[in-house]
>>> print(open('work-v2.cif').read())   # mmCIF, N, CA and C atoms
data_target
#
loop_
_atom_site.label_atom_id
_atom_site.label_comp_id
_atom_site.auth_asym_id
_atom_site.auth_seq_id
_atom_site.Cartn_x
_atom_site.Cartn_y
_atom_site.Cartn_z
N MET E 1 142.76 -49.55 23.61
CA MET E 1 143.49 -48.37 23.25
C MET E 1 144.73 -48.27 24.14
N PRO E 2 145.90 -48.02 23.58
CA PRO E 2 147.10 -47.88 24.42
C PRO E 2 146.96 -46.71 25.38
N TRP E 3 147.54 -46.86 26.55
CA TRP E 3 147.55 -45.79 27.53
C TRP E 3 148.73 -46.01 28.47
N GLY E 4 149.08 -45.01 29.23
CA GLY E 4 150.20 -45.10 30.16
C GLY E 4 149.71 -45.18 31.59
N ASN E 5 150.57 -45.69 32.44
CA ASN E 5 150.26 -45.79 33.86
C ASN E 5 151.55 -45.64 34.64
N VAL E 6 151.45 -45.23 35.87
CA VAL E 6 152.60 -45.11 36.76
C VAL E 6 152.70 -46.38 37.59
N ALA E 7 153.91 -46.96 37.66
CA ALA E 7 154.11 -48.18 38.44
C ALA E 7 155.52 -48.20 39.01
N SER E 8 155.63 -48.61 40.25
CA SER E 8 156.94 -48.80 40.86
C SER E 8 157.57 -50.06 40.27
N PHE E 9 158.88 -50.07 40.18
CA PHE E 9 159.57 -51.23 39.64
C PHE E 9 160.92 -51.38 40.31
N SER E 10 161.56 -52.52 40.07
CA SER E 10 162.92 -52.76 40.54
C SER E 10 163.55 -53.82 39.65
N ASP E 11 164.83 -53.69 39.40
CA ASP E 11 165.53 -54.73 38.63
C ASP E 11 166.45 -55.55 39.54
N GLY E 12 166.27 -55.42 40.83
CA GLY E 12 167.02 -56.23 41.79
C GLY E 12 167.31 -55.44 43.05
N PRO E 13 167.60 -56.15 44.14
CA PRO E 13 168.02 -55.46 45.36
C PRO E 13 169.29 -54.64 45.10
N VAL E 14 169.51 -53.63 45.90
CA VAL E 14 170.70 -52.79 45.75
C VAL E 14 171.95 -53.68 45.70
N GLY E 15 172.77 -53.47 44.68
CA GLY E 15 174.01 -54.22 44.52
C GLY E 15 173.87 -55.53 43.76
N THR E 16 172.64 -55.95 43.48
CA THR E 16 172.45 -57.21 42.73
C THR E 16 171.45 -57.03 41.59
N SER E 17 171.45 -55.85 41.00
CA SER E 17 170.55 -55.59 39.88
C SER E 17 170.87 -56.51 38.72
N LYS E 18 169.81 -56.98 38.06
CA LYS E 18 169.97 -57.91 36.93
C LYS E 18 169.56 -57.26 35.61
N GLY E 19 168.85 -56.13 35.65
CA GLY E 19 168.45 -55.45 34.43
C GLY E 19 167.01 -55.67 34.03
N THR E 20 166.41 -56.77 34.46
CA THR E 20 165.01 -57.05 34.12
C THR E 20 164.11 -56.29 35.09
N PRO E 21 163.24 -55.43 34.59
CA PRO E 21 162.33 -54.71 35.48
C PRO E 21 161.21 -55.63 36.00
N TYR E 22 161.00 -55.60 37.31
CA TYR E 22 159.92 -56.36 37.96
C TYR E 22 158.91 -55.37 38.51
N PHE E 23 157.65 -55.79 38.52
CA PHE E 23 156.54 -54.95 38.97
C PHE E 23 155.65 -55.75 39.90
N TYR E 24 154.95 -55.06 40.79
CA TYR E 24 153.99 -55.65 41.72
C TYR E 24 152.68 -54.94 41.45
N LEU E 25 151.78 -55.59 40.73
CA LEU E 25 150.57 -54.93 40.24
C LEU E 25 149.32 -55.58 40.80
N SER E 26 148.35 -54.75 41.08
CA SER E 26 147.07 -55.22 41.61
C SER E 26 146.13 -55.58 40.46
N LYS E 27 145.45 -56.70 40.60
CA LYS E 27 144.46 -57.10 39.60
C LYS E 27 143.26 -56.14 39.61
N MET E 28 143.20 -55.25 40.61
CA MET E 28 142.14 -54.25 40.65
C MET E 28 142.47 -53.05 39.76
N ASP E 29 143.72 -52.98 39.30
CA ASP E 29 144.18 -51.91 38.42
C ASP E 29 143.97 -52.37 36.97
N PRO E 30 143.70 -51.45 36.06
CA PRO E 30 143.49 -51.85 34.66
C PRO E 30 144.72 -52.47 33.99
N THR E 31 145.92 -52.15 34.46
CA THR E 31 147.13 -52.59 33.77
C THR E 31 147.22 -54.11 33.63
N PRO E 32 147.11 -54.90 34.71
CA PRO E 32 147.20 -56.35 34.53
C PRO E 32 146.12 -56.91 33.61
N ASN E 33 144.94 -56.32 33.64
CA ASN E 33 143.87 -56.77 32.75
C ASN E 33 144.22 -56.48 31.29
N ASP E 34 144.82 -55.32 31.04
CA ASP E 34 145.26 -55.00 29.69
C ASP E 34 146.38 -55.94 29.25
N ILE E 35 147.29 -56.26 30.16
CA ILE E 35 148.40 -57.15 29.85
C ILE E 35 147.90 -58.53 29.41
N GLU E 36 146.82 -58.99 30.03
CA GLU E 36 146.26 -60.28 29.64
C GLU E 36 145.75 -60.25 28.20
N SER E 37 145.25 -59.11 27.75
CA SER E 37 144.76 -58.98 26.38
C SER E 37 145.89 -58.75 25.39
N ASP E 38 146.87 -57.95 25.80
CA ASP E 38 148.00 -57.61 24.93
C ASP E 38 149.19 -57.29 25.82
N PRO E 39 150.16 -58.21 25.92
CA PRO E 39 151.27 -58.03 26.87
C PRO E 39 152.35 -57.04 26.44
N ARG E 40 152.22 -56.43 25.27
CA ARG E 40 153.25 -55.49 24.82
C ARG E 40 153.23 -54.24 25.69
N CYS E 41 154.41 -53.86 26.17
CA CYS E 41 154.54 -52.71 27.07
C CYS E 41 155.87 -52.01 26.84
N SER E 42 155.93 -50.77 27.29
CA SER E 42 157.17 -50.01 27.30
C SER E 42 157.34 -49.34 28.65
N LEU E 43 158.57 -49.28 29.10
CA LEU E 43 158.94 -48.60 30.34
C LEU E 43 159.89 -47.48 29.94
N SER E 44 159.52 -46.24 30.21
CA SER E 44 160.35 -45.09 29.87
C SER E 44 160.92 -44.47 31.13
N LEU E 45 162.21 -44.17 31.08
CA LEU E 45 162.93 -43.61 32.22
C LEU E 45 163.72 -42.39 31.77
N SER E 46 163.89 -41.45 32.68
CA SER E 46 164.68 -40.25 32.42
C SER E 46 165.80 -40.16 33.44
N GLU E 47 166.90 -39.58 33.02
CA GLU E 47 168.02 -39.34 33.93
C GLU E 47 167.71 -38.22 34.92
N ALA E 48 166.71 -37.40 34.62
CA ALA E 48 166.41 -36.20 35.40
C ALA E 48 166.26 -36.45 36.90
N PRO E 49 165.53 -37.49 37.36
CA PRO E 49 165.38 -37.68 38.80
C PRO E 49 166.70 -37.94 39.54
N LEU E 50 167.74 -38.32 38.80
CA LEU E 50 169.04 -38.55 39.44
C LEU E 50 169.74 -37.24 39.80
N GLY E 51 169.26 -36.13 39.21
CA GLY E 51 169.87 -34.84 39.49
C GLY E 51 171.16 -34.60 38.73
N SER E 52 171.41 -35.38 37.69
CA SER E 52 172.68 -35.28 36.97
C SER E 52 172.54 -34.63 35.59
N CYS E 53 171.44 -33.94 35.34
CA CYS E 53 171.22 -33.31 34.03
C CYS E 53 171.67 -31.86 34.00
N GLY E 54 172.21 -31.37 35.09
CA GLY E 54 172.75 -30.02 35.11
C GLY E 54 171.73 -28.93 34.89
N GLY E 55 170.49 -29.16 35.24
CA GLY E 55 169.47 -28.14 35.13
C GLY E 55 168.85 -27.99 33.75
N VAL E 56 169.24 -28.82 32.78
CA VAL E 56 168.62 -28.73 31.46
C VAL E 56 167.25 -29.38 31.49
N ASP E 57 166.42 -29.04 30.52
CA ASP E 57 165.09 -29.62 30.41
C ASP E 57 165.19 -31.13 30.21
N THR E 58 164.20 -31.86 30.70
CA THR E 58 164.24 -33.32 30.58
C THR E 58 164.17 -33.80 29.13
N GLU E 59 163.72 -32.96 28.22
CA GLU E 59 163.71 -33.35 26.80
C GLU E 59 165.01 -32.99 26.08
N ASN E 60 165.91 -32.29 26.75
CA ASN E 60 167.21 -31.99 26.16
C ASN E 60 167.95 -33.31 25.96
N PRO E 61 168.49 -33.57 24.76
CA PRO E 61 169.14 -34.86 24.52
C PRO E 61 170.32 -35.17 25.44
N THR E 62 170.89 -34.16 26.09
CA THR E 62 172.00 -34.44 27.01
C THR E 62 171.51 -35.00 28.35
N CYS E 63 170.20 -34.96 28.57
CA CYS E 63 169.58 -35.58 29.75
C CYS E 63 169.03 -36.92 29.25
N ALA E 64 169.76 -37.98 29.50
CA ALA E 64 169.46 -39.28 28.90
C ALA E 64 168.05 -39.76 29.20
N ARG E 65 167.48 -40.45 28.22
CA ARG E 65 166.21 -41.14 28.42
C ARG E 65 166.28 -42.49 27.74
N LEU E 66 165.66 -43.42 28.39
CA LEU E 66 165.72 -44.82 27.98
C LEU E 66 164.31 -45.38 27.93
N THR E 67 164.01 -46.12 26.88
CA THR E 67 162.74 -46.84 26.80
C THR E 67 163.04 -48.30 26.55
N LEU E 68 162.55 -49.14 27.45
CA LEU E 68 162.65 -50.59 27.32
C LEU E 68 161.28 -51.09 26.87
N SER E 69 161.23 -51.79 25.76
CA SER E 69 159.96 -52.31 25.25
C SER E 69 160.03 -53.82 25.15
N GLY E 70 158.88 -54.45 25.34
CA GLY E 70 158.82 -55.91 25.26
C GLY E 70 157.46 -56.40 25.68
N LYS E 71 157.44 -57.55 26.32
CA LYS E 71 156.18 -58.15 26.77
C LYS E 71 156.21 -58.37 28.27
N MET E 72 155.13 -57.99 28.92
CA MET E 72 154.99 -58.22 30.35
C MET E 72 154.52 -59.65 30.57
N GLN E 73 155.17 -60.31 31.54
CA GLN E 73 154.80 -61.67 31.88
C GLN E 73 154.63 -61.80 33.37
N GLU E 74 153.63 -62.55 33.78
CA GLU E 74 153.47 -62.85 35.19
C GLU E 74 154.62 -63.77 35.61
N VAL E 75 155.20 -63.48 36.77
CA VAL E 75 156.29 -64.31 37.29
C VAL E 75 155.67 -65.48 38.03
N THR E 76 156.02 -66.70 37.62
CA THR E 76 155.45 -67.90 38.24
C THR E 76 156.51 -68.84 38.81
N ASP E 77 157.73 -68.75 38.32
CA ASP E 77 158.81 -69.59 38.82
C ASP E 77 159.13 -69.23 40.27
N THR E 78 159.22 -70.23 41.14
CA THR E 78 159.41 -70.00 42.58
C THR E 78 160.67 -69.20 42.88
N GLN E 79 161.80 -69.56 42.26
CA GLN E 79 163.05 -68.83 42.51
C GLN E 79 162.95 -67.39 42.02
N GLU E 80 162.34 -67.21 40.86
CA GLU E 80 162.22 -65.86 40.32
C GLU E 80 161.23 -65.04 41.15
N LEU E 81 160.19 -65.68 41.68
CA LEU E 81 159.26 -64.97 42.58
C LEU E 81 160.00 -64.48 43.82
N ASP E 82 160.89 -65.30 44.37
CA ASP E 82 161.69 -64.88 45.52
C ASP E 82 162.54 -63.67 45.17
N PHE E 83 163.21 -63.74 43.99
CA PHE E 83 164.05 -62.62 43.56
C PHE E 83 163.21 -61.36 43.35
N ALA E 84 162.07 -61.51 42.66
CA ALA E 84 161.21 -60.36 42.38
C ALA E 84 160.72 -59.71 43.68
N SER E 85 160.32 -60.52 44.65
CA SER E 85 159.83 -59.94 45.91
C SER E 85 160.97 -59.25 46.66
N GLN E 86 162.16 -59.84 46.68
CA GLN E 86 163.30 -59.18 47.32
C GLN E 86 163.64 -57.88 46.60
N ALA E 87 163.62 -57.93 45.27
CA ALA E 87 163.96 -56.75 44.47
C ALA E 87 162.99 -55.60 44.77
N LEU E 88 161.72 -55.90 44.72
CA LEU E 88 160.71 -54.85 44.91
C LEU E 88 160.58 -54.42 46.36
N PHE E 89 160.51 -55.36 47.28
CA PHE E 89 160.29 -55.01 48.68
C PHE E 89 161.50 -54.33 49.32
N SER E 90 162.71 -54.59 48.80
CA SER E 90 163.89 -53.92 49.35
C SER E 90 163.94 -52.45 48.93
N LYS E 91 163.39 -52.13 47.78
CA LYS E 91 163.40 -50.75 47.30
C LYS E 91 162.09 -50.02 47.56
N HIS E 92 161.04 -50.78 47.81
CA HIS E 92 159.72 -50.20 48.09
C HIS E 92 159.17 -50.88 49.34
N PRO E 93 159.69 -50.51 50.52
CA PRO E 93 159.39 -51.25 51.76
C PRO E 93 157.93 -51.24 52.21
N GLU E 94 157.10 -50.37 51.67
CA GLU E 94 155.70 -50.39 52.09
C GLU E 94 154.89 -51.43 51.30
N MET E 95 155.43 -51.93 50.20
CA MET E 95 154.68 -52.88 49.37
C MET E 95 154.16 -54.12 50.11
N PRO E 96 154.96 -54.75 50.97
CA PRO E 96 154.44 -55.96 51.63
C PRO E 96 153.20 -55.70 52.49
N ASP E 97 152.99 -54.45 52.87
CA ASP E 97 151.85 -54.10 53.72
C ASP E 97 150.63 -53.63 52.93
N TRP E 98 150.72 -53.62 51.61
CA TRP E 98 149.57 -53.22 50.82
C TRP E 98 148.44 -54.24 51.00
N PRO E 99 147.19 -53.83 50.88
CA PRO E 99 146.05 -54.73 51.16
C PRO E 99 146.10 -56.03 50.36
N LYS E 100 146.10 -57.15 51.07
CA LYS E 100 146.19 -58.47 50.42
C LYS E 100 144.99 -58.73 49.51
N GLY E 101 143.83 -58.20 49.84
CA GLY E 101 142.63 -58.42 49.06
C GLY E 101 142.66 -57.76 47.68
N HIS E 102 143.72 -56.99 47.39
CA HIS E 102 143.82 -56.32 46.10
C HIS E 102 144.45 -57.20 45.03
N LYS E 103 144.72 -58.45 45.37
CA LYS E 103 145.20 -59.45 44.40
C LYS E 103 146.49 -59.01 43.70
N TRP E 104 147.54 -58.82 44.48
CA TRP E 104 148.83 -58.39 43.95
C TRP E 104 149.52 -59.54 43.23
N VAL E 105 150.14 -59.22 42.12
CA VAL E 105 150.83 -60.22 41.31
C VAL E 105 152.17 -59.63 40.85
N PHE E 106 153.20 -60.47 40.79
CA PHE E 106 154.50 -60.04 40.30
C PHE E 106 154.56 -60.23 38.78
N TYR E 107 155.08 -59.22 38.12
CA TYR E 107 155.27 -59.26 36.66
C TYR E 107 156.70 -58.86 36.36
N LYS E 108 157.14 -59.21 35.14
CA LYS E 108 158.44 -58.74 34.65
C LYS E 108 158.28 -58.32 33.21
N LEU E 109 159.14 -57.41 32.79
CA LEU E 109 159.16 -56.98 31.40
C LEU E 109 160.25 -57.77 30.69
N GLU E 110 159.84 -58.62 29.75
CA GLU E 110 160.79 -59.35 28.89
C GLU E 110 161.20 -58.39 27.79
N ILE E 111 162.40 -57.85 27.92
CA ILE E 111 162.85 -56.78 27.02
C ILE E 111 163.14 -57.33 25.63
N ALA E 112 162.58 -56.65 24.63
CA ALA E 112 162.80 -57.03 23.23
C ALA E 112 163.47 -55.91 22.44
N ASP E 113 163.32 -54.65 22.92
CA ASP E 113 163.86 -53.52 22.18
C ASP E 113 164.27 -52.42 23.15
N ILE E 114 165.32 -51.71 22.79
CA ILE E 114 165.85 -50.65 23.65
C ILE E 114 166.04 -49.38 22.83
N PHE E 115 165.58 -48.26 23.38
CA PHE E 115 165.70 -46.95 22.74
C PHE E 115 166.40 -46.04 23.74
N LEU E 116 167.55 -45.52 23.37
CA LEU E 116 168.32 -44.64 24.26
C LEU E 116 168.73 -43.38 23.53
N ILE E 117 168.46 -42.25 24.15
CA ILE E 117 168.99 -40.97 23.69
C ILE E 117 169.78 -40.40 24.86
N ASP E 118 171.06 -40.10 24.60
CA ASP E 118 171.88 -39.52 25.66
C ASP E 118 172.72 -38.35 25.17
N TYR E 119 172.51 -37.95 23.93
CA TYR E 119 173.20 -36.80 23.37
C TYR E 119 172.56 -36.47 22.02
N TYR E 120 172.96 -35.39 21.43
CA TYR E 120 172.44 -35.01 20.12
C TYR E 120 172.82 -36.06 19.08
N GLY E 121 172.00 -36.20 18.05
CA GLY E 121 172.32 -37.11 16.96
C GLY E 121 171.41 -38.32 16.87
N GLY E 122 170.40 -38.37 17.68
CA GLY E 122 169.44 -39.46 17.58
C GLY E 122 169.69 -40.60 18.54
N ALA E 123 168.82 -41.59 18.45
CA ALA E 123 168.87 -42.74 19.35
C ALA E 123 170.11 -43.59 19.08
N LYS E 124 170.60 -44.24 20.12
CA LYS E 124 171.75 -45.12 20.03
C LYS E 124 171.27 -46.56 19.86
N PRO E 125 171.86 -47.30 18.93
CA PRO E 125 171.45 -48.70 18.77
C PRO E 125 172.08 -49.57 19.87
N ILE E 126 171.24 -50.12 20.72
CA ILE E 126 171.69 -51.00 21.79
C ILE E 126 170.90 -52.29 21.70
N THR E 127 171.60 -53.40 21.62
CA THR E 127 170.92 -54.68 21.58
C THR E 127 170.56 -55.12 23.00
N VAL E 128 169.62 -56.02 23.09
CA VAL E 128 169.23 -56.56 24.40
C VAL E 128 170.42 -57.27 25.04
N ASP E 129 171.20 -57.97 24.23
CA ASP E 129 172.38 -58.66 24.75
C ASP E 129 173.39 -57.67 25.33
N GLU E 130 173.64 -56.56 24.64
CA GLU E 130 174.56 -55.53 25.16
C GLU E 130 174.02 -54.97 26.47
N TYR E 131 172.74 -54.74 26.53
CA TYR E 131 172.12 -54.22 27.75
C TYR E 131 172.37 -55.16 28.93
N TYR E 132 172.10 -56.44 28.75
CA TYR E 132 172.26 -57.40 29.85
C TYR E 132 173.73 -57.67 30.18
N ARG E 133 174.61 -57.52 29.22
CA ARG E 133 176.04 -57.69 29.50
C ARG E 133 176.63 -56.45 30.16
N GLY E 134 175.84 -55.38 30.21
CA GLY E 134 176.36 -54.13 30.78
C GLY E 134 177.27 -53.42 29.82
N SER E 135 177.09 -53.68 28.52
CA SER E 135 177.95 -53.11 27.49
C SER E 135 177.35 -51.86 26.87
N VAL E 136 176.48 -51.19 27.58
CA VAL E 136 175.80 -50.02 27.03
C VAL E 136 176.80 -48.93 26.70
N LYS E 137 177.82 -48.73 27.52
CA LYS E 137 178.80 -47.68 27.24
C LYS E 137 179.49 -47.93 25.92
N ALA E 138 179.84 -49.18 25.62
CA ALA E 138 180.47 -49.51 24.35
C ALA E 138 179.52 -49.26 23.18
N ALA E 139 178.26 -49.60 23.37
CA ALA E 139 177.27 -49.39 22.32
C ALA E 139 177.04 -47.91 22.07
N VAL E 140 177.01 -47.12 23.13
CA VAL E 140 176.78 -45.68 23.00
C VAL E 140 177.96 -45.02 22.28
N ALA E 141 179.14 -45.55 22.47
CA ALA E 141 180.34 -44.96 21.85
C ALA E 141 180.37 -45.18 20.34
N ARG E 142 179.56 -46.12 19.83
CA ARG E 142 179.56 -46.38 18.38
C ARG E 142 179.10 -45.19 17.61
#
>>> encode(input="work-v2.cif", output="structure tokens")
Amino acid sequence: MPWGNVASFSDGPVGTSKGTPYFYLSKMDPTPNDIESDPRCSLSLSEAPLGSCGGVDTENPTCARLTLSGKMQEVTDTQELDFASQALFSKHPEMPDWPKGHKWVFYKLEIADIFLIDYYGGAKPITVDEYYRGSVKAAVAR
């Protein structure tokens, strides 16, 4: 059965973000076990924690929200593991000290679909390519 969970993530160290969300998940948590059965996942974010919504409710369309959907994959490539660990540990400095016996594993969300609402009128069509090129502003203007 689908369910949600809270997880810290990072798309790169400050100043070198790449757009791909990386996660550090314990095999003791249900999430990695669910991913092995069905890797489809979504990551939903709100503009509200940035403090830039001007006091409106988080569901107000002028307070942007983004959902990245795709498949979670365990990171196994050595170079990408280095990047993932730098990305996560630089933004979440307590992570390296988490109990080693909890079987921590790096994952990434391979983005396949993007849902963005940032104003009235419904979701904005943004392709994965536009997202990675940083062309979201151009897509939103359509």
>>> residues_around(input="work-v2.cif", residues="stretch 49-63 of chain E", least_positions_apart="3", cutoff="9 Å", atoms="only C-alpha atoms", output="ChimeraX atom specification")
/E:46,117-122
>>> residues_around(input="work-v2.cif", residues="E:Ser85", least_positions_apart="6", cutoff="8 Å", atoms="only N, CA and C atoms", output="list in words")
Pro13, Tyr22, Gln79, Lys91 and Phe106 of chain E
>>> residues_around(input="work-v2.cif", residues="stretch 64-73 of chain E", least_positions_apart="5", cutoff="6 Å", atoms="only C-alpha atoms", output="list in words")
Pro39, Arg40, Cys41, Ser42, Leu43, Ser44, Leu45, Ser46, Glu47, Tyr107, Lys108, Leu109, Glu110, Ile111, Ala112, Asp113, Ile114, Phe115, Leu116, Ile117 and Asp118 of chain E
>>> closest_residue(input="work-v2.cif", among="E:Pro99, E:Ala123, E:Lys27, E:Leu88", to="E:Gly12", atoms="only N, CA and C atoms")
E:Leu88
>>> select_by_dssp(input="work-v2.cif", residues="chain E", states="strand (DSSP E or B)", output="tab-separated table (two decimals) with N, CA and C atoms, in the coordinates of the input")
chain	number	residue	atom	x	y	z
E	9	PHE	N	158.88	-50.07	40.18
E	9	PHE	CA	159.57	-51.23	39.64
E	9	PHE	C	160.92	-51.38	40.31
E	10	SER	N	161.56	-52.52	40.07
E	10	SER	CA	162.92	-52.76	40.54
E	10	SER	C	163.55	-53.82	39.65
E	22	TYR	N	161.00	-55.60	37.31
E	22	TYR	CA	159.92	-56.36	37.96
E	22	TYR	C	158.91	-55.37	38.51
E	23	PHE	N	157.65	-55.79	38.52
E	23	PHE	CA	156.54	-54.95	38.97
E	23	PHE	C	155.65	-55.75	39.90
E	24	TYR	N	154.95	-55.06	40.79
E	24	TYR	CA	153.99	-55.65	41.72
E	24	TYR	C	152.68	-54.94	41.45
E	25	LEU	N	151.78	-55.59	40.73
E	25	LEU	CA	150.57	-54.93	40.24
E	25	LEU	C	149.32	-55.58	40.80
E	26	SER	N	148.35	-54.75	41.08
E	26	SER	CA	147.07	-55.22	41.61
E	26	SER	C	146.13	-55.58	40.46
E	40	ARG	N	152.22	-56.43	25.27
E	40	ARG	CA	153.25	-55.49	24.82
E	40	ARG	C	153.23	-54.24	25.69
E	41	CYS	N	154.41	-53.86	26.17
E	41	CYS	CA	154.54	-52.71	27.07
E	41	CYS	C	155.87	-52.01	26.84
E	42	SER	N	155.93	-50.77	27.29
E	42	SER	CA	157.17	-50.01	27.30
E	42	SER	C	157.34	-49.34	28.65
E	43	LEU	N	158.57	-49.28	29.10
E	43	LEU	CA	158.94	-48.60	30.34
E	43	LEU	C	159.89	-47.48	29.94
E	44	SER	N	159.52	-46.24	30.21
E	44	SER	CA	160.35	-45.09	29.87
E	44	SER	C	160.92	-44.47	31.13
E	45	LEU	N	162.21	-44.17	31.08
E	45	LEU	CA	162.93	-43.61	32.22
E	45	LEU	C	163.72	-42.39	31.77
E	46	SER	N	163.89	-41.45	32.68
E	46	SER	CA	164.68	-40.25	32.42
E	46	SER	C	165.80	-40.16	33.44
E	65	ARG	N	167.48	-40.45	28.22
E	65	ARG	CA	166.21	-41.14	28.42
E	65	ARG	C	166.28	-42.49	27.74
E	66	LEU	N	165.66	-43.42	28.39
E	66	LEU	CA	165.72	-44.82	27.98
E	66	LEU	C	164.31	-45.38	27.93
E	67	THR	N	164.01	-46.12	26.88
E	67	THR	CA	162.74	-46.84	26.80
E	67	THR	C	163.04	-48.30	26.55
E	68	LEU	N	162.55	-49.14	27.45
E	68	LEU	CA	162.65	-50.59	27.32
E	68	LEU	C	161.28	-51.09	26.87
E	69	SER	N	161.23	-51.79	25.76
E	69	SER	CA	159.96	-52.31	25.25
E	69	SER	C	160.03	-53.82	25.15
E	70	GLY	N	158.88	-54.45	25.34
E	70	GLY	CA	158.82	-55.91	25.26
E	70	GLY	C	157.46	-56.40	25.68
E	71	LYS	N	157.44	-57.55	26.32
E	71	LYS	CA	156.18	-58.15	26.77
E	71	LYS	C	156.21	-58.37	28.27
E	72	MET	N	155.13	-57.99	28.92
E	72	MET	CA	154.99	-58.22	30.35
E	72	MET	C	154.52	-59.65	30.57
E	73	GLN	N	155.17	-60.31	31.54
E	73	GLN	CA	154.80	-61.67	31.88
E	73	GLN	C	154.63	-61.80	33.37
E	74	GLU	N	153.63	-62.55	33.78
E	74	GLU	CA	153.47	-62.85	35.19
E	74	GLU	C	154.62	-63.77	35.61
E	104	TRP	N	147.54	-58.82	44.48
E	104	TRP	CA	148.83	-58.39	43.95
E	104	TRP	C	149.52	-59.54	43.23
E	105	VAL	N	150.14	-59.22	42.12
E	105	VAL	CA	150.83	-60.22	41.31
E	105	VAL	C	152.17	-59.63	40.85
E	106	PHE	N	153.20	-60.47	40.79
E	106	PHE	CA	154.50	-60.04	40.30
E	106	PHE	C	154.56	-60.23	38.78
E	107	TYR	N	155.08	-59.22	38.12
E	107	TYR	CA	155.27	-59.26	36.66
E	107	TYR	C	156.70	-58.86	36.36
E	108	LYS	N	157.14	-59.21	35.14
E	108	LYS	CA	158.44	-58.74	34.65
E	108	LYS	C	158.28	-58.32	33.21
E	109	LEU	N	159.14	-57.41	32.79
E	109	LEU	CA	159.16	-56.98	31.40
E	109	LEU	C	160.25	-57.77	30.69
E	110	GLU	N	159.84	-58.62	29.75
E	110	GLU	CA	160.79	-59.35	28.89
E	110	GLU	C	161.20	-58.39	27.79
E	111	ILE	N	162.40	-57.85	27.92
E	111	ILE	CA	162.85	-56.78	27.02
E	111	ILE	C	163.14	-57.33	25.63
E	112	ALA	N	162.58	-56.65	24.63
E	112	ALA	CA	162.80	-57.03	23.23
E	112	ALA	C	163.47	-55.91	22.44
E	113	ASP	N	163.32	-54.65	22.92
E	113	ASP	CA	163.86	-53.52	22.18
E	113	ASP	C	164.27	-52.42	23.15
E	114	ILE	N	165.32	-51.71	22.79
E	114	ILE	CA	165.85	-50.65	23.65
E	114	ILE	C	166.04	-49.38	22.83
E	115	PHE	N	165.58	-48.26	23.38
E	115	PHE	CA	165.70	-46.95	22.74
E	115	PHE	C	166.40	-46.04	23.74
E	116	LEU	N	167.55	-45.52	23.37
E	116	LEU	CA	168.32	-44.64	24.26
E	116	LEU	C	168.73	-43.38	23.53
E	117	ILE	N	168.46	-42.25	24.15
E	117	ILE	CA	168.99	-40.97	23.69
E	117	ILE	C	169.78	-40.40	24.86
E	124	LYS	N	170.60	-44.24	20.12
E	124	LYS	CA	171.75	-45.12	20.03
E	124	LYS	C	171.27	-46.56	19.86
E	125	PRO	N	171.86	-47.30	18.93
E	125	PRO	CA	171.45	-48.70	18.77
E	125	PRO	C	172.08	-49.57	19.87
>>> residues_around(input="work-v2.cif", residues="E:Ala87", least_positions_apart="2", cutoff="7 Å", atoms="all atoms listed in the file", output="list in words")
Phe9, Ser10, Asp11, Gly12, Pro13, Val14, Asp82, Phe83, Ala84, Ser85, Phe89, Ser90, Lys91 and His92 of chain E
>>> closest_residue(input="work-v2.cif", among="E:Gln86, E:Ser26, E:Thr127, E:Thr20", to="E:Val105", atoms="all atoms listed in the file")
E:Ser26
>>> decode(input="work-v2.cif", residues="stretch 126-133 of chain E", atoms="N, CA, C and O atoms", output="PDB file, in the first residue's frame")
ATOM      1  N   ILE E 126       6.424  21.085 -17.127  1.00  0.00           N
ATOM      2  CA  ILE E 126       7.883  21.197 -17.116  1.00  0.00           C
ATOM      3  C   ILE E 126       8.445  19.829 -17.449  1.00  0.00           C
ATOM      4  O   ILE E 126       8.111  18.834 -16.802  1.00  0.00           O
ATOM      5  N   THR E 127       9.294  19.778 -18.454  1.00  0.00           N
ATOM      6  CA  THR E 127       9.916  18.512 -18.809  1.00  0.00           C
ATOM      7  C   THR E 127      11.128  18.275 -17.901  1.00  0.00           C
ATOM      8  O   THR E 127      11.673  19.211 -17.312  1.00  0.00           O
ATOM      9  N   VAL E 128      11.540  17.030 -17.828  1.00  0.00           N
ATOM     10  CA  VAL E 128      12.723  16.691 -17.036  1.00  0.00           C
ATOM     11  C   VAL E 128      13.948  17.404 -17.613  1.00  0.00           C
ATOM     12  O   VAL E 128      14.790  17.909 -16.862  1.00  0.00           O
ATOM     13  N   ASP E 129      14.020  17.486 -18.929  1.00  0.00           N
ATOM     14  CA  ASP E 129      15.145  18.174 -19.571  1.00  0.00           C
ATOM     15  C   ASP E 129      15.178  19.651 -19.183  1.00  0.00           C
ATOM     16  O   ASP E 129      16.244  20.190 -18.858  1.00  0.00           O
ATOM     17  N   GLU E 130      14.028  20.326 -19.189  1.00  0.00           N
ATOM     18  CA  GLU E 130      13.968  21.733 -18.775  1.00  0.00           C
ATOM     19  C   GLU E 130      14.404  21.878 -17.319  1.00  0.00           C
ATOM     20  O   GLU E 130      15.120  22.824 -16.973  1.00  0.00           O
ATOM     21  N   TYR E 131      13.975  20.969 -16.492  1.00  0.00           N
ATOM     22  CA  TYR E 131      14.351  20.996 -15.077  1.00  0.00           C
ATOM     23  C   TYR E 131      15.868  20.928 -14.920  1.00  0.00           C
ATOM     24  O   TYR E 131      16.473  21.739 -14.224  1.00  0.00           O
ATOM     25  N   TYR E 132      16.502  19.969 -15.577  1.00  0.00           N
ATOM     26  CA  TYR E 132      17.952  19.809 -15.431  1.00  0.00           C
ATOM     27  C   TYR E 132      18.742  20.918 -16.122  1.00  0.00           C
ATOM     28  O   TYR E 132      19.855  21.217 -15.706  1.00  0.00           O
ATOM     29  N   ARG E 133      18.184  21.525 -17.149  1.00  0.00           N
ATOM     30  CA  ARG E 133      18.862  22.650 -17.801  1.00  0.00           C
ATOM     31  C   ARG E 133      18.676  23.943 -17.009  1.00  0.00           C
ATOM     32  O   ARG E 133      19.273  24.961 -17.345  1.00  0.00           O
TER      33      ARG E 133
END
